[in-house]
Amino acid sequence: MMANEMTIRRLKTQRRFWFQVHLYLDLALVTGFSRWLWKRRKEREQWRNGSSKTWARAGTLAGTLLLAVHLIAQVPEFNFYPEFRRWWFALPADQRQSFESVLERYKQRLSTEGTPTEEIGRRLQLMRTRRTELEADFWDRFFTSSTPEFNTKPNAFLMSVVEGRPAGRALDVGMGAGRNTIFLAQRGWDVTGFDPAGKAVALAQQRAKELGLTIHTQVALDREFDFGHGRWDLILLSWMPPNEVARMVAGLRPGGIVVFEGPRTWFPQNGLLKQFDALRVIRYEDQVTRGDYFVQSDIPVVRLLAEKPGR
Ligand SMILES: C[S@@+](CC[C@H](N)C(=O)[O-])C[C@H]1O[C@@H](n2cnc3c(N)ncnc32)[C@H](O)[C@@H]1O
């Protein structure tokens with residue numbers, strides 16, 4: 001009995017001893033493993049933070065560089081075009097009847113100045129076959145110039161129209177560098193803008209990002225753009241000719257508006273009114289005033305605010 005009791009007590013003591021050894025070992029193991037896991041997580045986090053910061057920095061730098069290269073790069077073979085365009089627009093109206101007659105006059109001018117025949121031929125060929133590209137390049141140069149010749153503030157007529165009007169979905173046709181697109185986005189409108197001048201559009205996107213705004217953009221001509229049906233509450237043509245009136249009107253929602261401002265010289269008498277005949281005219285102005293765009297002089301300007309009936 002005594003021997004048995006002693007054996008049992010010894011066994012119990014041994015078991016307690018091994019139990020404690022086990023416990024300490026388990027504790028040591030669990031603690032060590034957790035510390036190792038924690039350390040690894042920390043290291044991974046540090047690496048991830050560091051590397052994502054590095055990637056973000058590299059991304060921003062690459063983006064800025066790309067945009068800079070994109071903005072600076074111009075097509076050298078088109079260098080003559082801005083000067084041609086200025087000369088062309090300064091011609092009296094009766095000498096600007098058709099583009100072909102303008103080219104003929106330009107050819108004579110270049111010959112008189114002693115420009116080599118080959119160069120004259122090259123320019124005329126470009127203007128006959130790649131006019132859209134020449135125009136886009138012209139506007140890209142215009143908008144990315146360090147000395148802008150235009151009003152960088154939003155169009156004042158648009159500002160007055162939008163005042164007190166609930167925000168909706170807007171389209172800026174021929175948005176340029178997006179002064180009005182950005183203004184509308186700032187006023188809470190869901191804005192889309194498009195223009196064939198890709199560098200100007202990229203500049204608009206860059207500015208919107210810097211301001212924390214979202215704008216939707218496309219590099220496109222009006223004849224390529226899908227205006228949809230009943231989609232827009234506001235369509236803006238700011239110093240952009242209304243070429244696609246029927247498709248624009250179809251794209252307006254009932255109650256949606258068209259806002260136009262531009263030079264009167266683009267239209268025959270009351271031509272702007274006639275073009276938007278399908279809409280109810282709310283405001284129409286025809287006056288000589290300081291151009292909102294080429295700000296340096298007073299010019300005849302027409303403005304239109306018209307609404308699609310049927311709301
Ligand atoms: C005088 S700027 C006006 C830009 C802008 N609407 C503003 O008020 O700041 C004319 C713009 O119309 C664009 N444009 C010219 N023809 C176009 C066309 N067929 N389709 C779309 N945009 C055009 C040009 O690229 C240029 O950016």
# chains A, B, ... in the order shown; residues from 1 in each chain; ligands from 1

call {"tool": "select_by_dssp", "arguments": {"residues": "stretch 139-194 of chain A", "states": "alpha helix (DSSP H)", "output": "ChimeraX atom specification"}}
result
/A:139-144,156-162,179-186

call {"tool": "residues_around", "arguments": {"residues": "A:Asn79", "least_positions_apart": "3", "cutoff": "12 Å", "atoms": "only C-alpha atoms", "output": "list in words"}}
result
Ala73, Gln74, Val75, Pro76, Pro82, Glu83, Phe84, Arg85, Arg123, Leu126, Leu134, Glu135, Asp137, Phe138 and Arg141 of chain A

call {"tool": "residues_near_ligand", "arguments": {"ligand": "ligand 1", "cutoff": "9 Å", "atoms": "only C-alpha atoms and all ligand atoms", "output": "number ranges by chain"}}
result
A: 132, 135-140, 142-143, 150-155, 172-181, 194-198, 200-201, 219-225, 236-244, 261-262, 292-294

call {"tool": "write_last_selection", "arguments": {"atoms": "N, CA and C atoms", "output": "compact mmCIF listing (two decimals), in the first residue's frame"}}
result
# COMPACT_ATOMS: atom_id res chain seq x y z
N THR A 132 -7.34 68.34 -91.35
CA THR A 132 -7.81 68.04 -90.00
C THR A 132 -6.64 67.95 -89.03
N GLU A 135 -5.16 71.38 -88.40
CA GLU A 135 -5.99 72.16 -87.47
C GLU A 135 -5.77 71.70 -86.03
N ALA A 136 -5.76 70.37 -85.82
CA ALA A 136 -5.57 69.85 -84.46
C ALA A 136 -4.22 70.29 -83.92
N ASP A 137 -3.19 70.23 -84.77
CA ASP A 137 -1.85 70.64 -84.35
C ASP A 137 -1.83 72.15 -84.04
N PHE A 138 -2.57 72.92 -84.86
CA PHE A 138 -2.64 74.36 -84.62
C PHE A 138 -3.22 74.63 -83.23
N TRP A 139 -4.35 73.96 -82.89
CA TRP A 139 -5.00 74.20 -81.59
C TRP A 139 -4.16 73.66 -80.44
N ASP A 140 -3.43 72.56 -80.69
CA ASP A 140 -2.53 72.05 -79.66
C ASP A 140 -1.46 73.09 -79.33
N PHE A 142 -1.67 76.27 -79.86
CA PHE A 142 -2.38 77.42 -79.32
C PHE A 142 -2.59 77.25 -77.81
N PHE A 143 -3.09 76.07 -77.42
CA PHE A 143 -3.44 75.87 -76.01
C PHE A 143 -2.24 75.58 -75.12
N PHE A 150 -5.81 83.61 -75.33
CA PHE A 150 -7.24 83.47 -75.12
C PHE A 150 -7.59 83.61 -73.64
N ASN A 151 -8.89 83.75 -73.42
CA ASN A 151 -9.39 83.91 -72.06
C ASN A 151 -9.36 82.54 -71.36
N THR A 152 -8.59 82.46 -70.29
CA THR A 152 -8.50 81.17 -69.60
C THR A 152 -9.62 81.01 -68.56
N LYS A 153 -10.38 82.09 -68.32
CA LYS A 153 -11.52 82.00 -67.37
C LYS A 153 -12.72 81.38 -68.10
N PRO A 154 -13.69 80.85 -67.35
CA PRO A 154 -14.86 80.28 -68.03
C PRO A 154 -15.61 81.35 -68.82
N ASN A 155 -16.34 80.91 -69.82
CA ASN A 155 -17.13 81.82 -70.65
C ASN A 155 -18.23 82.49 -69.78
N ASP A 172 -19.40 69.44 -73.65
CA ASP A 172 -18.65 70.60 -74.14
C ASP A 172 -18.04 70.22 -75.50
N VAL A 173 -18.64 70.75 -76.56
CA VAL A 173 -18.22 70.40 -77.93
C VAL A 173 -17.04 71.30 -78.31
N GLY A 174 -15.92 70.70 -78.74
CA GLY A 174 -14.73 71.50 -79.06
C GLY A 174 -14.21 72.15 -77.79
N MET A 175 -13.94 71.33 -76.78
CA MET A 175 -13.65 71.81 -75.42
C MET A 175 -12.33 72.56 -75.29
N GLY A 176 -11.41 72.42 -76.30
CA GLY A 176 -10.09 73.05 -76.19
C GLY A 176 -9.37 72.54 -74.95
N ALA A 177 -8.82 73.47 -74.17
CA ALA A 177 -8.09 73.06 -72.95
C ALA A 177 -9.03 72.98 -71.74
N GLY A 178 -10.34 73.03 -72.00
CA GLY A 178 -11.32 72.67 -70.97
C GLY A 178 -11.67 73.71 -69.93
N ARG A 179 -11.50 75.02 -70.26
CA ARG A 179 -11.83 76.03 -69.22
C ARG A 179 -13.30 75.91 -68.79
N ASN A 180 -14.21 75.64 -69.77
CA ASN A 180 -15.64 75.53 -69.43
C ASN A 180 -16.00 74.15 -68.89
N THR A 181 -15.32 73.13 -69.37
CA THR A 181 -15.55 71.76 -68.89
C THR A 181 -15.27 71.74 -67.38
N PHE A 194 -15.10 67.00 -75.69
CA PHE A 194 -14.27 66.37 -76.71
C PHE A 194 -13.70 67.42 -77.63
N ASP A 195 -12.59 67.04 -78.26
CA ASP A 195 -11.88 67.96 -79.16
C ASP A 195 -10.85 67.13 -79.93
N PRO A 196 -10.59 67.49 -81.19
CA PRO A 196 -9.55 66.73 -81.92
C PRO A 196 -8.13 67.09 -81.49
N ALA A 197 -7.97 68.19 -80.75
CA ALA A 197 -6.62 68.60 -80.30
C ALA A 197 -6.25 67.81 -79.04
N GLY A 198 -5.55 66.69 -79.24
CA GLY A 198 -5.28 65.74 -78.15
C GLY A 198 -4.46 66.32 -77.02
N ALA A 200 -4.39 69.45 -76.03
CA ALA A 200 -5.26 70.36 -75.28
C ALA A 200 -6.15 69.54 -74.34
N VAL A 201 -6.69 68.43 -74.85
CA VAL A 201 -7.55 67.57 -74.03
C VAL A 201 -6.76 66.98 -72.86
N VAL A 219 -10.85 62.41 -77.59
CA VAL A 219 -10.16 63.13 -78.67
C VAL A 219 -10.94 62.76 -79.93
N ALA A 220 -11.75 63.70 -80.40
CA ALA A 220 -12.63 63.38 -81.54
C ALA A 220 -13.11 64.65 -82.23
N LEU A 221 -13.51 64.48 -83.46
CA LEU A 221 -14.17 65.54 -84.22
C LEU A 221 -15.67 65.42 -83.97
N ASP A 222 -16.39 66.53 -84.17
CA ASP A 222 -17.85 66.46 -83.95
C ASP A 222 -18.51 65.47 -84.90
N ARG A 223 -17.98 65.33 -86.10
CA ARG A 223 -18.63 64.40 -87.04
C ARG A 223 -18.43 62.93 -86.63
N GLU A 224 -17.45 62.68 -85.76
CA GLU A 224 -17.22 61.30 -85.29
C GLU A 224 -17.93 61.01 -83.97
N PHE A 225 -18.28 62.06 -83.23
CA PHE A 225 -18.78 61.88 -81.86
C PHE A 225 -20.23 61.38 -81.86
N LEU A 236 -22.80 72.64 -74.91
CA LEU A 236 -22.10 73.92 -75.03
C LEU A 236 -21.28 73.97 -76.31
N LEU A 237 -21.40 75.09 -77.01
CA LEU A 237 -20.53 75.38 -78.17
C LEU A 237 -19.93 76.75 -77.89
N SER A 238 -18.77 76.75 -77.28
CA SER A 238 -18.13 78.01 -76.94
C SER A 238 -17.02 78.27 -77.94
N TRP A 239 -17.26 79.20 -78.87
CA TRP A 239 -16.29 79.54 -79.91
C TRP A 239 -15.94 78.30 -80.74
N MET A 240 -16.99 77.55 -80.99
CA MET A 240 -16.90 76.31 -81.76
C MET A 240 -18.10 76.30 -82.72
N PRO A 241 -17.87 76.19 -84.03
CA PRO A 241 -18.99 76.26 -84.97
C PRO A 241 -19.99 75.11 -84.79
N PRO A 242 -21.31 75.40 -84.93
CA PRO A 242 -22.31 74.34 -84.81
C PRO A 242 -22.44 73.56 -86.12
N ASN A 243 -21.64 72.52 -86.28
CA ASN A 243 -21.64 71.77 -87.53
C ASN A 243 -22.67 70.64 -87.57
N GLU A 244 -22.98 70.10 -86.40
CA GLU A 244 -23.78 68.86 -86.35
C GLU A 244 -25.10 69.11 -85.62
N GLU A 261 -21.77 80.58 -78.03
CA GLU A 261 -21.19 81.92 -78.21
C GLU A 261 -20.08 81.82 -79.23
N GLY A 262 -20.03 82.80 -80.13
CA GLY A 262 -18.98 82.80 -81.16
C GLY A 262 -19.08 84.04 -82.02
N ASP A 292 -14.71 87.09 -76.05
CA ASP A 292 -14.38 86.30 -74.86
C ASP A 292 -13.15 85.44 -75.15
N TYR A 293 -12.92 85.22 -76.44
CA TYR A 293 -11.86 84.29 -76.77
C TYR A 293 -10.57 84.99 -77.15
N PHE A 294 -10.64 85.70 -78.29
CA PHE A 294 -9.46 86.47 -78.71
C PHE A 294 -9.64 87.83 -78.04

call {"tool": "residues_around", "arguments": {"residues": "stretch 274-277 of chain A", "least_positions_apart": "5", "cutoff": "9 Å", "atoms": "only C-alpha atoms", "output": "list in words"}}
result
Pro242, Val245, Ala246, Val249, Val258 and Ala306 of chain A

call {"tool": "write_last_selection", "arguments": {"atoms": "C-alpha atoms", "output": "mmCIF file, in the first residue's frame"}}
result
data_model
loop_
_atom_site.group_PDB
_atom_site.id
_atom_site.type_symbol
_atom_site.label_atom_id
_atom_site.label_comp_id
_atom_site.auth_asym_id
_atom_site.auth_seq_id
_atom_site.Cartn_x
_atom_site.Cartn_y
_atom_site.Cartn_z
ATOM 1 C CA PRO A 242 -22.307 74.335 -84.806
ATOM 2 C CA VAL A 245 -26.984 70.601 -85.305
ATOM 3 C CA ALA A 246 -29.481 67.795 -86.090
ATOM 4 C CA VAL A 249 -30.639 68.375 -81.015
ATOM 5 C CA VAL A 258 -27.913 74.577 -76.117
ATOM 6 C CA ALA A 306 -32.260 77.648 -76.656
#

call {"tool": "atom_distance", "arguments": {"atom1": "atom CA of A:Arg187", "atom2": "atom CA of A:Val281"}}
result
24.1 Å

call {"tool": "select_by_dssp", "arguments": {"residues": "stretch 65-247 of chain A", "states": "strand (DSSP E or B)", "output": "mmCIF file with C-alpha atoms, in the first residue's frame"}}
result
data_model
loop_
_atom_site.group_PDB
_atom_site.id
_atom_site.type_symbol
_atom_site.label_atom_id
_atom_site.label_comp_id
_atom_site.auth_asym_id
_atom_site.auth_seq_id
_atom_site.Cartn_x
_atom_site.Cartn_y
_atom_site.Cartn_z
ATOM 1 C CA ARG A 169 -25.278 66.018 -67.697
ATOM 2 C CA ALA A 170 -23.329 68.424 -69.907
ATOM 3 C CA LEU A 171 -21.398 68.150 -73.145
ATOM 4 C CA ASP A 172 -18.653 70.596 -74.141
ATOM 5 C CA VAL A 173 -18.216 70.403 -77.931
ATOM 6 C CA ASP A 190 -21.383 65.486 -64.919
ATOM 7 C CA VAL A 191 -19.349 66.764 -67.880
ATOM 8 C CA THR A 192 -18.038 65.224 -71.053
ATOM 9 C CA GLY A 193 -15.870 67.225 -73.422
ATOM 10 C CA PHE A 194 -14.265 66.366 -76.708
ATOM 11 C CA ASP A 195 -11.879 67.964 -79.156
ATOM 12 C CA HIS A 216 -14.907 62.668 -69.206
ATOM 13 C CA THR A 217 -13.005 63.434 -72.381
ATOM 14 C CA GLN A 218 -12.532 62.158 -75.902
ATOM 15 C CA VAL A 219 -10.165 63.125 -78.670
ATOM 16 C CA TRP A 232 -27.695 65.787 -72.423
ATOM 17 C CA ASP A 233 -29.156 68.536 -70.222
ATOM 18 C CA LEU A 234 -26.743 71.085 -71.661
ATOM 19 C CA ILE A 235 -24.710 71.185 -74.851
ATOM 20 C CA LEU A 236 -22.103 73.917 -75.031
ATOM 21 C CA LEU A 237 -20.532 75.381 -78.167
ATOM 22 C CA SER A 238 -18.132 78.012 -76.938
#

call {"tool": "closest_residue", "arguments": {"among": "A:Ile182, A:Ala93, A:Ala278, A:Ile120", "to": "A:Glu210", "atoms": "only C-alpha atoms"}}
result
A:Ile182
